[in-house]
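So this one's query_19.txt, compact mmCIF, C-alpha atoms:
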```txt
# COMPACT_ATOMS: atom_id res chain seq x y z
CA MET A 102 125.07 178.35 -15.00
CA LEU A 103 123.70 175.89 -17.47
CA TYR A 104 120.34 176.23 -19.18
CA ASP A 105 118.14 173.63 -20.76
CA ARG A 106 116.78 173.94 -24.28
CA ASN A 107 113.75 175.86 -23.06
CA GLY A 108 115.93 178.46 -21.38
CA PHE A 109 115.38 177.35 -17.81
CA PRO A 110 118.41 177.16 -15.52
CA ILE A 111 119.64 173.73 -14.52
CA PRO A 112 120.49 173.36 -10.84
CA PRO A 113 124.02 172.05 -10.24
CA ASP A 114 122.72 168.89 -8.46
CA PHE A 115 121.12 167.54 -11.67
CA GLY A 116 123.16 165.87 -14.38
CA VAL A 117 122.74 166.51 -18.06
CA PRO A 118 120.31 164.06 -19.66
CA TYR A 119 121.99 161.36 -21.77
CA ALA A 120 122.13 162.67 -25.30
CA GLY A 121 124.91 160.75 -26.93
CA VAL A 122 127.55 158.18 -26.34
CA PRO A 123 128.16 157.85 -22.61
CA ASP A 124 131.50 158.14 -20.99
CA ALA A 125 132.88 154.65 -20.91
CA GLY A 126 134.63 155.40 -17.67
CA SER A 127 131.41 156.30 -15.88
CA PRO A 128 129.74 153.28 -14.19
CA ASP A 129 126.39 155.04 -14.20
CA GLN A 130 126.54 155.60 -17.93
CA ALA A 131 127.97 152.20 -19.01
CA MET A 132 126.16 150.28 -21.75
CA PRO A 133 123.79 147.60 -20.38
CA ARG A 134 125.42 144.14 -20.47
CA ARG A 135 123.79 141.62 -22.75
CA GLY A 136 123.36 137.83 -22.16
CA VAL A 137 122.87 137.91 -18.40
CA GLY A 138 119.16 137.19 -18.72
CA SER A 139 119.79 134.38 -21.22
CA ARG A 140 122.25 132.70 -18.90
CA LYS A 141 119.81 132.92 -16.05
CA ARG A 142 117.12 131.32 -18.17
CA LEU A 143 119.48 128.49 -19.12
CA VAL A 144 120.34 127.90 -15.48
CA VAL A 145 116.66 127.83 -14.56
CA LEU A 146 115.86 125.44 -17.40
CA ALA A 147 118.73 123.17 -16.38
CA MET A 148 117.50 123.13 -12.80
CA VAL A 149 113.99 122.30 -13.98
CA ALA A 150 115.33 119.49 -16.19
CA VAL A 151 117.32 118.02 -13.32
CA GLY A 152 114.30 118.24 -11.07
CA LEU A 153 112.13 116.50 -13.63
CA ALA A 154 114.74 113.78 -14.08
CA VAL A 155 114.91 113.21 -10.34
CA VAL A 156 111.13 112.90 -10.14
CA VAL A 157 110.23 111.25 -13.46
CA VAL A 158 113.09 108.83 -14.14
CA PRO A 159 112.54 106.70 -11.01
CA GLU A 160 108.86 106.51 -11.90
CA MET A 161 109.64 105.42 -15.47
CA MET A 162 112.43 102.94 -14.70
CA PRO A 163 110.16 99.97 -13.82
CA THR A 164 108.40 100.37 -17.16
CA VAL A 165 111.68 100.77 -19.04
CA ARG A 166 113.15 97.77 -17.23
CA GLN A 167 110.13 95.64 -18.08
CA MET A 168 110.33 96.64 -21.74
CA VAL A 169 114.04 95.80 -21.97
CA VAL A 170 113.51 92.42 -20.30
CA LYS A 171 110.63 91.54 -22.60
CA TRP A 172 112.57 92.61 -25.68
CA SER A 173 115.63 90.63 -24.56
CA LEU A 174 113.58 87.48 -23.97
CA GLU A 175 111.96 87.78 -27.38
CA ARG A 176 115.38 88.13 -28.99
CA ALA A 177 116.70 85.17 -27.00
CA GLY A 178 113.81 83.03 -28.21
CA ALA A 179 114.40 84.08 -31.80
CA CYS A 180 118.12 83.27 -31.53
CA GLU A 181 117.38 79.88 -29.99
CA ALA A 182 114.92 79.12 -32.78
CA ARG A 183 117.67 79.54 -35.37
CA ASN A 184 120.25 77.65 -33.26
CA ASP A 185 122.20 80.80 -32.38
CA LEU A 186 122.92 79.74 -28.82
CA GLY A 187 125.59 82.40 -28.28
CA GLY A 188 123.14 85.13 -29.23
CA ALA A 189 120.41 83.60 -27.08
CA ILE A 190 122.73 83.49 -24.06
CA ALA A 191 123.79 87.12 -24.59
CA ASP A 192 120.16 88.26 -24.79
CA MET A 193 119.20 86.20 -21.76
CA SER A 194 122.12 87.71 -19.85
CA ARG A 195 120.84 91.20 -20.70
CA ALA A 196 117.40 90.25 -19.41
CA ILE A 197 118.96 89.06 -16.14
CA ARG A 198 121.00 92.26 -15.76
CA TRP A 199 117.93 94.45 -16.19
CA HIS A 200 115.53 92.28 -14.22
CA GLY A 201 117.92 91.27 -11.48
CA ASP A 202 118.57 87.71 -10.36
CA ASP A 203 115.50 85.63 -11.14
CA VAL A 204 115.14 81.88 -10.66
CA ASP A 205 113.33 81.23 -13.93
CA LEU A 206 115.69 83.37 -16.01
CA LEU A 207 118.77 81.78 -14.43
CA CYS A 208 117.40 78.30 -15.14
CA MET A 209 116.64 79.25 -18.73
CA ARG A 210 120.18 80.52 -19.21
CA ALA A 211 121.56 77.40 -17.54
CA MET A 212 119.79 75.21 -20.08
CA LEU A 213 121.05 77.35 -22.95
CA ARG A 214 124.59 77.17 -21.59
CA LEU A 215 124.31 73.42 -21.16
CA GLU A 216 123.21 73.02 -24.77
CA ASP A 217 126.13 75.27 -25.76
CA ARG A 218 128.44 72.83 -23.92
CA ASP A 219 129.23 75.37 -21.19
CA THR A 220 128.67 73.00 -18.28
CA THR A 221 130.59 75.27 -15.89
CA GLY A 222 128.34 78.24 -16.61
CA ALA A 223 125.23 76.06 -16.51
CA LEU A 224 126.20 74.66 -13.12
CA MET A 225 126.89 78.16 -11.77
CA ASP A 226 123.49 79.43 -12.93
CA ALA A 227 121.59 76.44 -11.53
CA THR A 228 123.44 76.63 -8.21
CA HIS A 229 122.84 80.37 -7.95
CA ALA A 230 119.14 79.87 -8.66
CA ALA A 231 118.97 77.15 -6.01
CA ALA A 232 120.58 79.50 -3.49
CA ILE A 233 118.04 82.23 -4.25
CA ALA A 234 115.07 79.87 -3.90
CA PRO A 235 116.07 76.86 -1.79
CA THR A 236 112.57 75.37 -1.91
CA ALA A 237 112.11 75.74 -5.68
CA VAL A 238 112.36 72.51 -7.67
CA GLN A 239 113.34 73.87 -11.10
CA PRO A 240 116.92 74.86 -10.18
CA LEU A 241 117.50 71.41 -8.71
CA ARG A 242 115.99 69.72 -11.77
CA VAL A 243 118.34 71.66 -14.03
CA ARG A 244 121.35 71.10 -11.79
CA ALA A 245 120.69 67.36 -11.64
CA LEU A 246 120.78 67.27 -15.43
CA VAL A 247 124.05 69.23 -15.50
CA HIS A 248 125.58 66.83 -12.96
CA ALA A 249 124.47 63.93 -15.15
CA VAL A 250 126.18 65.47 -18.20
CA LEU A 251 129.33 65.89 -16.11
CA GLY A 252 129.17 62.25 -15.04
CA GLN A 253 128.58 63.21 -11.41
CA GLY A 254 126.07 60.51 -10.56
CA ASP A 255 125.96 61.00 -6.80
CA GLU A 256 125.28 64.72 -7.10
CA ALA A 257 122.70 64.18 -9.85
CA ILE A 258 120.72 61.66 -7.81
CA ALA A 259 120.98 63.81 -4.67
CA ASP A 260 119.39 66.75 -6.50
CA ALA A 261 116.72 64.48 -8.00
CA GLU A 262 115.91 63.15 -4.54
CA MET A 263 115.56 66.70 -3.23
CA VAL A 264 113.21 67.57 -6.10
CA VAL A 265 110.88 64.72 -5.10
CA ALA A 266 111.09 65.71 -1.43
CA LEU A 267 110.11 69.32 -2.18
CA ALA A 268 107.27 68.49 -4.57
CA ALA A 269 103.78 67.35 -3.72
CA PRO A 270 103.50 63.63 -2.95
CA GLY A 271 103.03 61.56 -6.08
CA ASP A 272 103.85 64.44 -8.45
CA SER A 273 104.28 62.79 -11.85
CA GLU A 274 106.83 65.26 -13.23
CA THR A 275 109.22 64.98 -10.30
CA LEU A 276 108.91 61.17 -10.20
CA ASN A 277 109.64 61.04 -13.91
CA HIS A 278 112.62 63.34 -13.40
CA ARG A 279 114.13 61.14 -10.69
CA ALA A 280 113.49 58.01 -12.74
CA TYR A 281 115.17 59.52 -15.78
CA ILE A 282 118.18 60.80 -13.83
CA ARG A 283 118.61 57.31 -12.39
CA ALA A 284 118.41 55.89 -15.91
CA ILE A 285 120.97 58.34 -17.30
CA VAL A 286 123.53 57.61 -14.60
CA GLY A 287 122.68 53.88 -14.67
CA ARG A 288 121.84 53.50 -11.00
CA GLU A 289 118.92 52.18 -8.95
CA LEU A 290 117.11 51.00 -12.08
CA PRO A 291 114.41 48.88 -10.37
CA ALA A 292 113.59 51.85 -8.13
CA ALA A 293 113.52 54.08 -11.20
CA LEU A 294 110.99 51.76 -12.87
CA ARG A 295 108.82 51.95 -9.76
CA ASP A 296 109.07 55.74 -9.94
CA ILE A 297 107.83 55.90 -13.52
CA ASP A 298 105.03 53.42 -12.87
CA ALA A 299 103.95 55.56 -9.92
CA ALA A 300 104.12 58.67 -12.11
CA ILE A 301 101.87 57.11 -14.76
CA GLY A 302 99.48 55.88 -12.08
CA SER A 303 99.37 59.32 -10.45
CA LEU A 304 98.68 61.06 -13.74
CA GLY A 305 96.06 58.52 -14.76
CA LYS A 306 97.40 58.40 -18.31
CA SER A 307 100.64 58.11 -20.22
CA SER A 308 102.37 61.01 -21.95
CA PRO A 309 105.13 60.63 -24.57
CA GLU A 310 107.71 61.74 -22.00
CA LEU A 311 106.61 59.17 -19.42
CA LEU A 312 106.46 56.40 -22.01
CA ASP A 313 109.95 57.29 -23.20
CA THR A 314 111.36 57.09 -19.68
CA ARG A 315 109.66 53.75 -19.10
CA GLY A 316 110.85 52.37 -22.43
CA PHE A 317 114.41 53.48 -21.78
CA LEU A 318 114.39 51.85 -18.35
CA LEU A 319 113.00 48.59 -19.73
CA HIS A 320 115.82 48.58 -22.28
CA LEU A 321 118.42 49.16 -19.55
CA LEU A 322 116.86 46.30 -17.58
CA GLY A 323 117.23 43.98 -20.59
CA ARG A 324 113.54 43.88 -21.53
CA HIS A 325 114.14 45.13 -25.06
CA GLN A 326 110.92 44.12 -26.82
CA GLU A 327 108.81 45.69 -24.08
CA ALA A 328 110.99 48.75 -24.38
CA ILE A 329 110.40 48.96 -28.14
CA ASP A 330 106.63 48.74 -27.62
CA GLN A 331 106.71 51.61 -25.12
CA LEU A 332 109.02 53.70 -27.28
CA ASN A 333 106.83 53.20 -30.35
CA LEU A 334 103.94 54.72 -28.40
CA ALA A 335 106.14 57.56 -27.16
CA ILE A 336 107.37 58.41 -30.67
CA ASP A 337 103.85 58.26 -32.12
CA GLY A 338 102.62 60.60 -29.40
CA MET A 339 105.45 63.07 -29.94
CA GLN A 340 104.93 63.08 -33.70
CA GLN A 341 101.24 63.77 -33.15
CA GLN A 342 102.10 66.73 -30.91
CA ARG A 343 104.40 68.04 -33.62
CA ARG A 344 101.70 67.80 -36.27
CA GLN A 345 99.22 69.61 -34.03
CA LEU A 346 101.73 72.36 -33.36
CA GLY A 347 102.42 72.68 -37.07
CA LEU A 348 98.75 73.51 -37.61
CA LEU A 349 99.33 76.77 -35.74
CA ALA A 350 101.59 78.08 -38.50
CA GLY A 351 100.31 81.51 -39.49
CA ARG A 352 98.45 81.93 -36.21
CA MET A 353 101.49 82.01 -33.93
CA ASP A 354 104.62 84.11 -33.94
CA ARG A 355 107.00 82.43 -36.34
CA SER A 356 110.01 82.49 -34.01
CA GLU A 357 107.98 81.06 -31.13
CA LEU A 358 106.59 78.32 -33.36
CA THR A 359 110.07 77.44 -34.60
CA ARG A 360 111.42 77.37 -31.05
CA ARG A 361 108.67 75.01 -29.90
CA LEU A 362 109.13 72.73 -32.89
CA ARG A 363 112.85 72.67 -32.16
CA ALA A 364 112.17 71.56 -28.57
CA LEU A 365 109.83 68.81 -29.78
CA ASP A 366 112.44 67.63 -32.27
CA HIS A 367 115.00 67.37 -29.49
CA GLY A 368 112.57 65.26 -27.48
CA LEU A 369 111.88 63.13 -30.53
CA ALA A 370 115.62 62.74 -31.11
CA VAL A 371 116.03 61.29 -27.62
CA MET A 372 113.16 58.84 -28.13
CA LEU A 373 114.56 57.69 -31.47
CA GLN A 374 117.96 57.17 -29.87
CA HIS A 375 116.42 55.05 -27.12
CA ARG A 376 114.49 52.95 -29.63
CA ALA A 377 117.62 52.53 -31.73
CA MET A 378 119.47 51.18 -28.69
CA ALA A 379 116.65 48.75 -27.87
CA CYS A 380 116.36 47.63 -31.51
CA GLN A 381 120.09 47.07 -31.68
CA GLU A 382 119.95 44.77 -28.66
CA ALA A 383 116.85 43.02 -30.05
CA GLY A 384 118.63 42.27 -33.33
CA LEU A 385 116.60 44.73 -35.43
CA THR A 386 119.67 46.07 -37.20
CA GLU A 387 118.08 48.06 -40.03
CA GLN A 388 115.55 49.77 -37.77
CA SER A 389 118.34 50.54 -35.35
CA LYS A 390 120.49 52.19 -38.03
CA GLN A 391 117.56 54.24 -39.27
CA ASP A 392 116.68 55.46 -35.78
CA PHE A 393 120.28 56.31 -34.91
CA GLU A 394 120.54 58.44 -38.05
CA LEU A 395 117.23 60.22 -37.46
CA ALA A 396 118.18 60.91 -33.85
CA ARG A 397 121.46 62.46 -34.95
CA LYS A 398 119.74 64.67 -37.54
CA LYS A 399 117.21 65.90 -34.98
CA GLY A 400 119.93 66.94 -32.56
CA PHE A 401 120.65 64.06 -30.18
CA ASP A 402 123.88 64.96 -28.39
CA PRO A 403 124.64 63.87 -24.80
CA SER A 404 127.39 66.48 -24.50
CA ARG A 405 124.72 69.19 -24.92
CA GLY A 406 122.25 67.71 -22.47
CA ILE A 407 120.01 66.39 -25.25
CA PHE A 408 119.80 62.81 -24.04
```
Can you turn what I pasted into structure tokens?
Amino acid sequence: MLYDRNGFPIPPDFGVPYAGVPDAGSPDQAMPRRGVGSRKRLVVLAMVAVGLAVVVVPEMMPTVRQMVVKWSLERAGACEARNDLGGAIADMSRAIRWHGDDVDLLCMRAMLRLEDRDTTGALMDATHAAAIAPTAVQPLRVRALVHAVLGQGDEAIADAEMVVALAAPGDSETLNHRAYIRAIVGRELPAALRDIDAAIGSLGKSSPELLDTRGFLLHLLGRHQEAIDQLNLAIDGMQQQRRQLGLLAGRMDRSELTRRLRALDHGLAVMLQHRAMACQEAGLTEQSKQDFELARKKGFDPSRGIF
């Protein structure tokens, strides 16, 4: 018979209270295992994290996607402003990957690729954009220009014709586009002159771009002095636009301002080239040399679509 410390007998069915190191072989007296609760908490936390990801990430992705696209476009513009066409194309490609196929983005990349002398890539982008939006005019406008650079006159004019057919009747931009494509490929010049006259009449006024197209066509038709008069007005108008844009320095993002000035300079380069050609035919040799040189410095380059 066993007795407790107070002298009372302990029935045989009761065990002795734990008073020391338990018998390691006894399951009932084994030391409590540590870490089980911690592992359970980690599992629970992991499950909660996965659940939150499943719920939250899809909700956040549109915002994240929009931010990446905006950032990529800003970087592309900055690269273009400093003539880093490779960087601009890479950033534009990222924007397209995150946004998904978009007509405007594809056309923008096509123009960058064309300027980078990647006519194959430019044609692919423009064609893809045209397939996405068959009734949109911008992909066809871009593709017509690419065809013109490639010397594919039939295809260029076909796209220009489709642009006019899809646009509103008498639309000045599309008429100017068809007239200019005809001028570049050297076809249907009288019809092209009618196009540009209709464009000016529809708009009710002349812009530098319309005057340049008209002057270029007059030169191609052998009316060189008339061409010079029109091109003088076009160049004056473009220079005025450049001065006005320059006044925004300090009030506009520097990269955006530089990019816009670069685009105006390319337009001015084309106008100077056209006037140089007309002056050369008119016997104005010195003016012709000066204009050819200025056009070259400002970026005139038919192989890059700047023509």
Hey, which bits of range 315-405 of chain A sit within 10 Å of range 202-221 of chain A, and for each residue what's the closest pair of atoms and how far apart in Å (one decimal), counting all atoms listed in the file, rows by chain and increasing number, as JSON lines?
```
{"residue": "A:Asp402", "atom": "CA", "partner": "A:Glu216", "partner_atom": "CA", "distance": 8.9}
{"residue": "A:Pro403", "atom": "CA", "partner": "A:Glu216", "partner_atom": "CA", "distance": 9.3}
{"residue": "A:Ser404", "atom": "CA", "partner": "A:Arg218", "partner_atom": "CA", "distance": 6.5}
{"residue": "A:Arg405", "atom": "CA", "partner": "A:Glu216", "partner_atom": "CA", "distance": 4.1}
```
Quiz item: In Å, how far is it from CA of Leu334 in chain A to CA of Pro270 in chain A?
Solution: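 Computing it gives 27.0 Å between the two atoms.
Going from CA of Ile336 in chain A to CA of Leu385 in chain A covers 17.2 Å.
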Quiz item: Using only C-alpha atoms, which of the listed residues (A:Leu369, A:Met263, A:Leu246, A:Leu174) sits closest to Trp199 in chain A?
Solution: A:Leu174
Quiz item: Restricting the calculation to only C-alpha atoms, which member of A:Ala237, A:Ala182, A:Leu312, A:Ala245 is positioned closest to Gln331 in chain A?
Solution: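 Ranked by minimum distance to Gln331 in chain A, first place goes to A:Leu312.
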